[in-house]
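Data first, discussion second: the structure below is written as C-alpha cells.
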Amino acid sequence: MEATTQIAAQVTELSYALDTFYFLVMGALVMWMAAGFTMLEAGLVRAKNTAEILTKNIGLYSIACIMYMLCGYTIMYPGDFAGGLFQSVTTIGSGLLSSSDNTAADVIASGGETYYSNLSDFFFQVVFVATAMSIVSGAVAERMKLWSFFAFTVVLTGFIYPVQGFWKWGGGFLEEAGFLDFAGAGVVHLCGAAAALAGVVLLGARKGKYGKNGQVNAIPGCNLPLATLGTLILWLGWFGFNGGSELKVSDVGEANAVALVFVNTNMAAAGGLVFALLLSRFWFGKADLTMALNGALAGLVAITAEPLTPEPIVATFIGAAGGILVVLSIVGLDKLKIDDPVGAISVHGVVGIWGVLAVCISNPEASLKVQLLGIGSIFAWVFGTSFVVWFALQQTIGIRVSEEEEYEGVDLSECGLEAYPEFTAAESP
Amino acid sequence: MEATTQIAAQVTELSYALDTFYFLVMGALVMWMAAGFTMLEAGLVRAKNTAEILTKNIGLYSIACIMYMLCGYTIMYPGDFAGGLFQSVTTIGSGLLSSSDNTAADVIASGGETYYSNLSDFFFQVVFVATAMSIVSGAVAERMKLWSFFAFTVVLTGFIYPVQGFWKWGGGFLEEAGFLDFAGAGVVHLCGAAAALAGVVLLGARKGKYGKNGQVNAIPGCNLPLATLGTLILWLGWFGFNGGSELKVSDVGEANAVALVFVNTNMAAAGGLVFALLLSRFWFGKADLTMALNGALAGLVAITAEPLTPEPIVATFIGAAGGILVVLSIVGLDKLKIDDPVGAISVHGVVGIWGVLAVCISNPEASLKVQLLGIGSIFAWVFGTSFVVWFALQQTIGIRVSEEEEYEGVDLSECGLEAYPEFTAAESP
Amino acid sequence: MEATTQIAAQVTELSYALDTFYFLVMGALVMWMAAGFTMLEAGLVRAKNTAEILTKNIGLYSIACIMYMLCGYTIMYPGDFAGGLFQSVTTIGSGLLSSSDNTAADVIASGGETYYSNLSDFFFQVVFVATAMSIVSGAVAERMKLWSFFAFTVVLTGFIYPVQGFWKWGGGFLEEAGFLDFAGAGVVHLCGAAAALAGVVLLGARKGKYGKNGQVNAIPGCNLPLATLGTLILWLGWFGFNGGSELKVSDVGEANAVALVFVNTNMAAAGGLVFALLLSRFWFGKADLTMALNGALAGLVAITAEPLTPEPIVATFIGAAGGILVVLSIVGLDKLKIDDPVGAISVHGVVGIWGVLAVCISNPEASLKVQLLGIGSIFAWVFGTSFVVWFALQQTIGIRVSEEEEYEGVDLSECGLEAYPEFTAAESP
C-alpha cells in the first residue's frame with residue numbers, strides 16, 4: 001500500500017509540473033505579444049516617430065513588470081496574506097512579490113487543489129498587465145511626451161489595472177455578480193482602451209489629421225511589413241493569452257478545453273480578417289491591408305471573453321462580427337475627430353465590449369445585465385482614474401510635445417536619434 | 001486495488017494531457033511559419049509589390065483555416081463518421097468541425113490508444129494546410145490579381161489538398177501502398193509547389209525578367225533582413241512541423257524520437273545552408289545570401305519526409321544535397337523561363353521530390369517504386385486540378401494584372417496603399 | 001503488486017517524456033535567439049553592411065551546429081565513452097554525435113536518475129554554442145572578411161568553446177573548484193565577448209569612428225525597429241536559455257525553480273532596461289533607445305549566472321546594475337578606441353563578469369575567489385586561443401576588407417548584393 005501512496009504522490013507532483021510548465025509556456029507566448037504590439041505600432045506610425053514608439057513599448061513592458069512586482073500583483077490578488085485590498089496598499093513592502101512557493105508536501109496534501117507554482121502564476125499575470133498598457137501606447141502615438149507616458153504607465157500598471165483586475169479575477173464584486181470574462185476582453189482590452197481614450201481626449205489629434213472642412217486626412221504607416229509581422233506575433237501570442245487562461249491542462253477535460261480554446265481563438269482571428277478585408281474591398285474599393293490586420297486583431301479580442309463554449313463555426317462568426325465592427329468603428333471615430341493612429345481604441349475598446357456581450361451567445365450562464373455591469377464598471381473606473389492622471393500630468397509636466405517637435409518628429413526631441421537614418425529624406429511627411 | 005485503478009486512470013489522463021499539450025505547442029510553432037513565409041516573401045519582392053504579398057499571406061492563412069474547418073478536415077480524415085470521402089463531400093454540413101471531443105471515460109477505457117484531443121489534431125492539421133498554400137503565394141508574386149489568388153486558395157485548401165492528404169494521412173491508397181512521408185515533403189511541400197507551378201505556367205514571367213537574347217535579369221528583393229527573419233522563423237517553426245508529426249511524446253521511445261527529429265531537422269537545415277553558400281561562393285564568386293536562405297529551407301524540406309531514421313550526420317548530408325539542388329534548380333528554372341520570384345518551386349517542389357526519394361537512404365521500409373508512385377500521384381493530381389482552376393479563373397475574372405498595374409506595382413492597384421510610403425522614391429524599379 | 005510496478009514504470013516514462021519535452025521547448029527558444037542576434041545586429045549596422053551581417057549570423061549558426069555535432073559536444077561532455085578530453089579529440093570519428101539514446105528499460109532501472117533524452121541534451125547544448133559565437137559577429141561588424149569570420153567560427157565552436165565548457169559543465173576543474181555559473185554568464189557570454197575582443201583588437205576600428213582629436217563619431221544603426229525586435233526576441237529566448245538550464249521540471253521543487261528562473265530573468269531584463277534608459281536620459285539628455293536595448297540585454301546577461309537564488313526584487317537590482325554598467329562600459333570602450341559597433345563586448349563581457357560575481361550576493365555557496373578564478377580562466381583561455389587564431393588568419397587570408405570595400409560597404413564585396421536596394425540613395429554614410 002505504501003508503494004501506491006508514493007506513486008500517487010509522484011503523479012500529483014508530475015501533474016503540478018505539467019501545469020506549471022504549461023503556464024510558463026503560455027506566459028512566454030503572452031510576453032511575446034509585447035513584440036507584437038511594438039512591431040504593429042512601429043509599422044503604423046511615420047518614420048520620424050518610430051524610435052519613440054519603440055522606446056515606449058519596450059519601456060512600458062519593463063515598467064509594468066516592476067510595478068506589478070512591487071505592488072500590483074498583491075493588490076489584484078490580496079489572497080490570504082492581507083485583510084484585503086486596502087491593507088495591501090497601505091502596508092509598505094507587504095505588496096512585494098516573494099520567491100517562496102508551494103512545498104511538495106503542501107501540494108500532495110492538497111490532493112491536486114494546489115496545482116501550479118505561484119511564481120508561474122505571477123509570470124502569466126504580469127505579461128497581461130503589459131498587454132493592457134501596450135494598447136495605450138498606440139493610441140497616443142506621434143504626439144505624446146515620452147516621460148509623461150511612462151509616468152502614466154507607473155500608475156496604470158501599479159494601481160488602476162490591478163484594482164479592476166481584483167474585481168473580476170481576485171474575487172471582487174464582478175466575480176461575485178457572475179461577470180464572465182474568460183481571458184480579459186473587458187479586464188485587459190477594454191481597460192487598455194479606456195485608458196487610451198482618456199489620454200486621446202486630453203491630447204487632441206495630430207496636426208494635419210483633420211481638415212477645416214471636416215475631411216479626414218490619411219496618415220499612412222511607414223512600414224507595413226512590420227505591422228503585419230506585429231499582427232502575426234499577436235495572433236501567435238494570443239494562443240497563450242486565451243489558452244493559458246484555462247489555467248490547467250493536466251487531465252482529459254482540461255486538455256480538451258485548452259485545445260478548443262486554441263481552435264476558437266484561431267478561427268475568430270481568421271473570421272475577423274476575412275470579413276474586415278471583404279468589407280474594405282466593397283466599401284473602399286481596395287483590399288486595405290491595415291483594415292485586414294485590425295480585423296484579425298478584432299477577431300482575437302472578440303473571442304477573448306469566451307473562447308471555450310462556442311462551436312468553432314460560431315467562434316468564426318463572433319470574430320467576423322468583430323472584424324466588421326472594427327472597420328465601422330475606425331471610420332466612426334475619425335468622424336468624431338478622435339485620433340487614434342493605430343486603431344487601438346476600436347480594436348480593444350469597441351470590439352472588447354462586443355466580446356464581453358458575445359459571451360451571452362454561447363454561454364448559458366451569462367447574464368446580459370451582469371455583462372453590462374462589468375463593461376460599465378471597468379470603463380467608468382479606468383476612464384475616470386486615467387482621465388485624472390492624464391489631466392494631472394498635463395497640468396504639471398505636460399503631455400504633448402511642442403508643435404515644432406511634432407513637425408520634426410518626436411524621435412529627435414524625445415530620443416535624440418532616428419529610427420531609419422538612411423532611408424528617409426528630409427521632405428518626409 | 002481500487003487505489004491502483006484510480007492512479008492508473010490518472011496516469012492515462014496525464015499522459016493524454018501531455019500529448020495534447022505537446023501537439024498544441026507544435027501546432028503553434030507551425031502557425032508561426034505563416035509569419036515566416038510572409039516575411040520571406042515580403043523581403044524577396046520589390047517594394048511596390050510588398051503590401052499585396054502581405055495581404056495574400058495573412059489572407060490565405062485565414063481562408064485556409066475557414067475552408068479546412070468547413071470541409072477540408074473531414075475530406076482528409078473521413079474517419080468513422082462517414083461512408084468515406086465522397087459522402088462527406090456530398091452531405092452538406094457533415095463536414096463541419098465540431099467541438100465535441102473524447103471523454104475521460106473513453107480515454108481511460110481505450111488504455112492509451114486514444115491519446116490526444118481531437119481538436120488539438122485539427123489545430124495541428126490546419127496549420128499544415130496553410131503552409132501548403134503559402135508556398136504558392138511566393139511563386140506567383142508581383143503580377144497576380146489578389147482576388148483570383150484568394151479564389152484559388154478556397155479550392156486548394158478546401159478540396160485539392162485534403163484529397164491527396166487523405167491518400168496518405170487519412171488512410172487512402174498511398175498509405176496502403178506503403179508510401180512514406182513523415183511530415184509531408186510530398187503531401188505538403190510538393191503539393192504546394194505543384195499548385196504554384198500550374199499558376200506560374202499560365203501566368204507567365206514578370207515583365208523584364210527575361211531579355212530577348214536569353215539573358216536573365218536579376219530582380220533583387222527589397223528587404224533582405226525580412227527575408228532572413230522569415231527563414232529563421234521557418235527554421236524554428238519546422239521543429240513543430242516535423243517534431244509534431246511524431247504525434248506522441250509521452251513515453252521514453254516517443255520522447256527520444258521527438259528529440260531525434262528536432263536534431264535531424266536542425267542539422268539538415270544547417271547542412272543545406274552551408275552547402276548552398278559554398279556552391280554560390282565558388283560558382284558565382286560571392287556568398288549569395290538569398291541562395292543561402294533557400295539552402296536552409298531546402299535542407300528543411302529535404303529532411304521532412306524522414307527525419308526519424310537517419311543518423312544526424314546523414315541528415316546533414318540529406319540537407320546539404322537539398323542545398324546544392326536548390327541552387328541548381330533556381331538557375332535551371334530561369335533557363336526554362338519559369339519565373340518564380342522567391343524560388344518556391346525549387347525549394348518545395350524539386351527538393352520536396354528529393355526528400356521523398358531520400359527516405360530510401362535511411363529507412364529500410366521504403367520502396368523506391370512506391371515513393372515514385374507517391375510523387376507521381378501527388379504531382380499529377382495537384383498540378384492537374386490546379387491547372388484547371390487557374391485556367392478557369394484566367395478565362396473568367398483573369399489572373400494577371402494589367403501591364404500598367406504591374407509597372408506601377410500591384411500594391412496600388414490591389415490594396416490602394418504602399419508598404420513603405422516614405423522609403424521609396426518615384427524611380428524605384 | 002505487479003500492477004503497481006507497471007504504473008510506477010509508466011510514471012517514470014511519463015516524467016522522462018515531460019523533461020525531454022521541456023528541454024526541447026527551451027532549446028527551441030534558445031535557437032530563436034539566433035534570430036534575435038541577427039535582427040539586433042542588422043538593425044545596428046549601416047545599410048551597406050547589412051547583407052553581410054545577416055549572412056554571418058545565419059551562417060555561424062549553421063557552422064556551429066555542424067562543428068558541435070562533429071566533435072564539440074564530445075569534447076565538452078566526454079562522458080563514459082572516452083578516456084576523457086584528449087582521447088576524444090584524437091580518435092577520429094569518436095566525437096561524432098550518434099542517434100542512439102536511452103532505452104525505456106534503462107530509464108526505468110535508473111529510478112529517475114536518467115531523466116531526459118540524450119539528443120534533447122545535444123539540441124539544448126548546440127544552440128548555446130551558437131549563442132556564444134553570435135556575440136562575436138556583432139563586435140567585428142562592418143569591416144571583417146566574411147570567410148575569415150567563418151574560419152574562426154569553425155575553431156571556436158568546434159574547439160575553443162567546448163574546452164572551457166568542459167571545465168564547468170563537463171565536470172572539469174572549474175566544476176570541481178565550485179565555480180557557479182547557472183546558465184553561462186561566463187561559459188557562454190564572457191566566452192563570446194573574449195573571442196570578440198581578441199578579434200577587435202587585431203582588426204582595428206572602422207574608418208571614421210575615431211577622429212584625430214580624440215572625438216568619437218556616432219555611426220547610427222540603420223534600422224532601429226529591427227534592433228528592438230532583436231532585443232525582444234532575445235528576451236523571449238532567454239526564458240529558454242536560463243529556464244532550460246535548470247535541466248528538469250518534473251516535480252514540485254523543479255517546477256517551482258523553473259518558474260522562479262523565468263520571473264527573475266524577466267525582472268532583471270526590466271531592471272536593466274529602466275536603469276539604462278534613466279541613466280542615458282540624465283547623462284545625455286535624451287532617452288537613447290539603443291542604450292535601453294543594451295540595458296535590457298545587460299540585465300539578462302547579469303542574471304544568467306544565478307537566476308535561482310535571488311528574490312525577484314534582488315534580481316531586478318542585479319539587472320539594473322548591469323544596465324548601468326553597460327552604458328558606462330560602452331562609453332568607456334570608445335575612450336579606449338575599442339570599436340564594437342553593437343556593444344557586444346560591453347553587454348556580454350563586462351556585464352558577464354558582473355553576473356558571475358553577483359552570484360555571491362544571493363548564493364551562500366559561492367566563493368568570490370573561485371568566481372574570479374572562473375572569470376580569469378575563461379577569459380585567458382578564450383582570449384588567448386582566439387588571438388592566436390585571428391592572428392593566423394590575419395597573416396594568411398587576411399581578416400579586414402580593403403579600405404575601398406569598407407567605404408563601398410562589405411555587402412557588395414562579400415555578398416554581391418544589397419540588403420535594401422531600393423531604400424538607400426548613393427550618398428548614404
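Each chain in the C-alpha cells gets a letter, A, B, ..., in the order shown, and its residues are numbered from 1; ligands are numbered from 1 in order too.
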So that I can check the surroundings of B:Ile313, please list as an mmCIF file with N, CA and C atoms, in the first residue's frame every protein, DNA and RNA residue that reaches within 10 Å of it, counting only C-alpha atoms and ignoring chain neighbours fewer than 5 positions away.
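Final output, saved to out.cif:
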```cif
data_model
loop_
_atom_site.group_PDB
_atom_site.id
_atom_site.type_symbol
_atom_site.label_atom_id
_atom_site.label_comp_id
_atom_site.auth_asym_id
_atom_site.auth_seq_id
_atom_site.Cartn_x
_atom_site.Cartn_y
_atom_site.Cartn_z
ATOM 1 N N ASN B 264 17.749 16.209 -36.111
ATOM 2 C CA ASN B 264 17.947 15.994 -37.542
ATOM 3 C C ASN B 264 17.391 17.150 -38.382
ATOM 4 N N MET B 267 19.987 19.845 -38.138
ATOM 5 C CA MET B 267 21.214 19.527 -38.878
ATOM 6 C C MET B 267 21.004 19.646 -40.383
ATOM 7 N N ALA B 268 19.851 19.209 -40.860
ATOM 8 C CA ALA B 268 19.594 19.271 -42.300
ATOM 9 C C ALA B 268 19.549 20.717 -42.778
ATOM 10 N N GLY B 271 23.109 21.951 -42.836
ATOM 11 C CA GLY B 271 23.800 21.398 -43.993
ATOM 12 C C GLY B 271 23.376 22.077 -45.287
ATOM 13 N N ILE B 318 21.765 14.844 -46.215
ATOM 14 C CA ILE B 318 20.496 14.921 -46.953
ATOM 15 C C ILE B 318 20.116 16.394 -47.139
ATOM 16 N N GLY B 319 20.299 17.173 -46.087
ATOM 17 C CA GLY B 319 20.041 18.607 -46.199
ATOM 18 C C GLY B 319 21.007 19.292 -47.147
ATOM 19 N N ILE C 66 27.073 22.170 -37.034
ATOM 20 C CA ILE C 66 27.837 21.089 -37.666
ATOM 21 C C ILE C 66 29.089 20.758 -36.854
ATOM 22 N N MET C 69 28.271 18.979 -33.649
ATOM 23 C CA MET C 69 27.904 17.587 -33.912
ATOM 24 C C MET C 69 29.134 16.740 -34.208
ATOM 25 N N LEU C 70 30.061 17.324 -34.985
ATOM 26 C CA LEU C 70 31.240 16.550 -35.387
ATOM 27 C C LEU C 70 32.166 16.253 -34.212
ATOM 28 N N LEU C 96 31.812 12.008 -33.116
ATOM 29 C CA LEU C 96 30.588 12.222 -33.868
ATOM 30 C C LEU C 96 29.343 11.905 -33.039
ATOM 31 N N LEU C 97 28.357 12.768 -33.130
ATOM 32 C CA LEU C 97 27.098 12.544 -32.415
ATOM 33 C C LEU C 97 26.386 11.320 -32.976
ATOM 34 N N SER C 98 25.897 10.475 -32.088
ATOM 35 C CA SER C 98 25.149 9.300 -32.532
ATOM 36 C C SER C 98 23.676 9.477 -32.209
ATOM 37 N N SER C 99 22.826 8.749 -32.925
ATOM 38 C CA SER C 99 21.386 8.875 -32.682
ATOM 39 C C SER C 99 20.910 7.908 -31.606
#
```
Can I get the residues of chain A within 6 Å of chain B, each with the closest pair of atoms and their distance in Å to one decimal, using only C-alpha atoms, sorted chain first then ascending number, as JSON lines?
```
{"residue": "A:Cys222", "atom": "CA", "partner": "B:Tyr420", "partner_atom": "CA", "distance": 5.2}
{"residue": "A:Asn223", "atom": "CA", "partner": "B:Tyr420", "partner_atom": "CA", "distance": 5.1}
{"residue": "A:Leu224", "atom": "CA", "partner": "B:Ala419", "partner_atom": "CA", "distance": 4.9}
{"residue": "A:Ser250", "atom": "CA", "partner": "B:Ala17", "partner_atom": "CA", "distance": 5.1}
{"residue": "A:Asp251", "atom": "CA", "partner": "B:Glu13", "partner_atom": "CA", "distance": 5.0}
{"residue": "A:Val252", "atom": "CA", "partner": "B:Ala104", "partner_atom": "CA", "distance": 5.4}
{"residue": "A:Ala255", "atom": "CA", "partner": "B:Ala17", "partner_atom": "CA", "distance": 5.2}
{"residue": "A:Asn256", "atom": "CA", "partner": "B:Ser117", "partner_atom": "CA", "distance": 5.5}
{"residue": "A:Ala259", "atom": "CA", "partner": "B:Ser120", "partner_atom": "CA", "distance": 5.0}
{"residue": "A:Leu260", "atom": "CA", "partner": "B:Leu119", "partner_atom": "CA", "distance": 5.9}
{"residue": "A:Val263", "atom": "CA", "partner": "B:Phe123", "partner_atom": "CA", "distance": 5.9}
{"residue": "A:Ala270", "atom": "CA", "partner": "B:Ser62", "partner_atom": "CA", "distance": 4.2}
{"residue": "A:Lys286", "atom": "CA", "partner": "B:Cys415", "partner_atom": "CA", "distance": 5.0}
{"residue": "A:Ala287", "atom": "CA", "partner": "B:Cys415", "partner_atom": "CA", "distance": 4.6}
{"residue": "A:Asp288", "atom": "CA", "partner": "B:Cys415", "partner_atom": "CA", "distance": 5.2}
{"residue": "A:Leu289", "atom": "CA", "partner": "B:Thr55", "partner_atom": "CA", "distance": 5.8}
{"residue": "A:Glu311", "atom": "CA", "partner": "B:Ser99", "partner_atom": "CA", "distance": 5.5}
{"residue": "A:Phe423", "atom": "CA", "partner": "B:Phe423", "partner_atom": "CA", "distance": 5.4}
{"residue": "A:Thr424", "atom": "CA", "partner": "B:Phe423", "partner_atom": "CA", "distance": 5.6}
```
Inset, instruction - Between atom CA of B:Val301 and atom CA of B:Ile330, measure the distance and give it in Å to one decimal. - result: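 A separation of 15.3 Å between them.
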Legend entry - Computed interatomic separation between atom CA of C:Ala177 and atom CA of C:Ile160 (Å):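 It comes out at 20.6 Å.
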Inset, instruction - Mind giving me the straight-line distance from atom CA of B:Val188 to atom CA of B:Phe262 in Å, one decimal? - result: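 According to the coordinates, atom CA of B:Val188 and atom CA of B:Phe262 are separated by 18.8 Å.
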Inset, instruction - Tell me, as a ChimeraX atom specification, which residues lie within 12 Å of B:Phe391, counting only C-alpha atoms; anything in the same chain fewer than 3 positions away does not count. - result: /B:148,152,198-203,383-388,394-400
Inset, instruction - Using DSSP on the backbone coordinates, identify all residues within stretch 344-411 of chain B classified as helix (DSSP H, G or I); present the result as a VMD selection string. - result: chain B and resid 344 to 362 368 to 395 403 to 408 410 to 411
Inset, instruction - Find the residue from B:Val30, B:Ala320, B:Leu328, B:Val401 that sits nearest to B:Phe284; use only C-alpha atoms when measuring. - result: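 Among B:Val30, B:Ala320, B:Leu328, B:Val401, it is B:Leu328 that comes nearest to B:Phe284.
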Legend entry - All residues 9 Å or closer to C:Ala292, only C-alpha atoms, same chain fewer than 6 positions away omitted, as a list in words: Thr55, Ile58 and Gly59 of chain A; Gly272, Leu273, Val274, Phe275, Ala276, Leu277, Leu278, Ser280, Gly323 and Val327 of chain C
Legend entry - Close residues, C:Val187 itself excluded, 12 Å, only C-alpha atoms, min 4 positions apart in chain, as number ranges by chain: C: 76, 125, 128-129, 131-133, 160-170, 174-175, 179-183, 191-195, 301, 304-305, 348-349, 352-353, 355-356, 371, 374-379, 381-382
Give me the residues near stretch 337-345 of chain B as a short mmCIF file (atom, residue, chain, number, x, y, z; two decimals) with C-alpha atoms, in the first residue's frame, where near means some atom within 6 Å (using only C-alpha atoms) and where sequence neighbours in that chain fewer than 2 positions away do not count.
```cif
data_model
loop_
_atom_site.label_atom_id
_atom_site.label_comp_id
_atom_site.auth_asym_id
_atom_site.auth_seq_id
_atom_site.Cartn_x
_atom_site.Cartn_y
_atom_site.Cartn_z
CA GLY B 138 5.63 33.43 -53.36
CA ALA B 139 5.85 31.84 -56.79
CA ALA B 193 4.89 23.61 -55.41
CA ALA B 205 7.02 35.74 -66.24
CA LEU B 333 14.17 27.13 -63.91
CA ASP B 334 15.35 30.54 -65.05
CA LYS B 335 16.82 28.87 -68.13
CA VAL B 347 12.72 24.76 -52.61
CA HIS B 348 9.45 22.92 -52.09
CA GLY B 349 8.97 21.06 -55.40
#
```
Inset, instruction - Considering only C-alpha atoms, state which residue in the set C:Thr114, C:Thr309, C:Thr228, C:Asn266 is at the smallest distance from C:Leu247. - result: C:Thr114
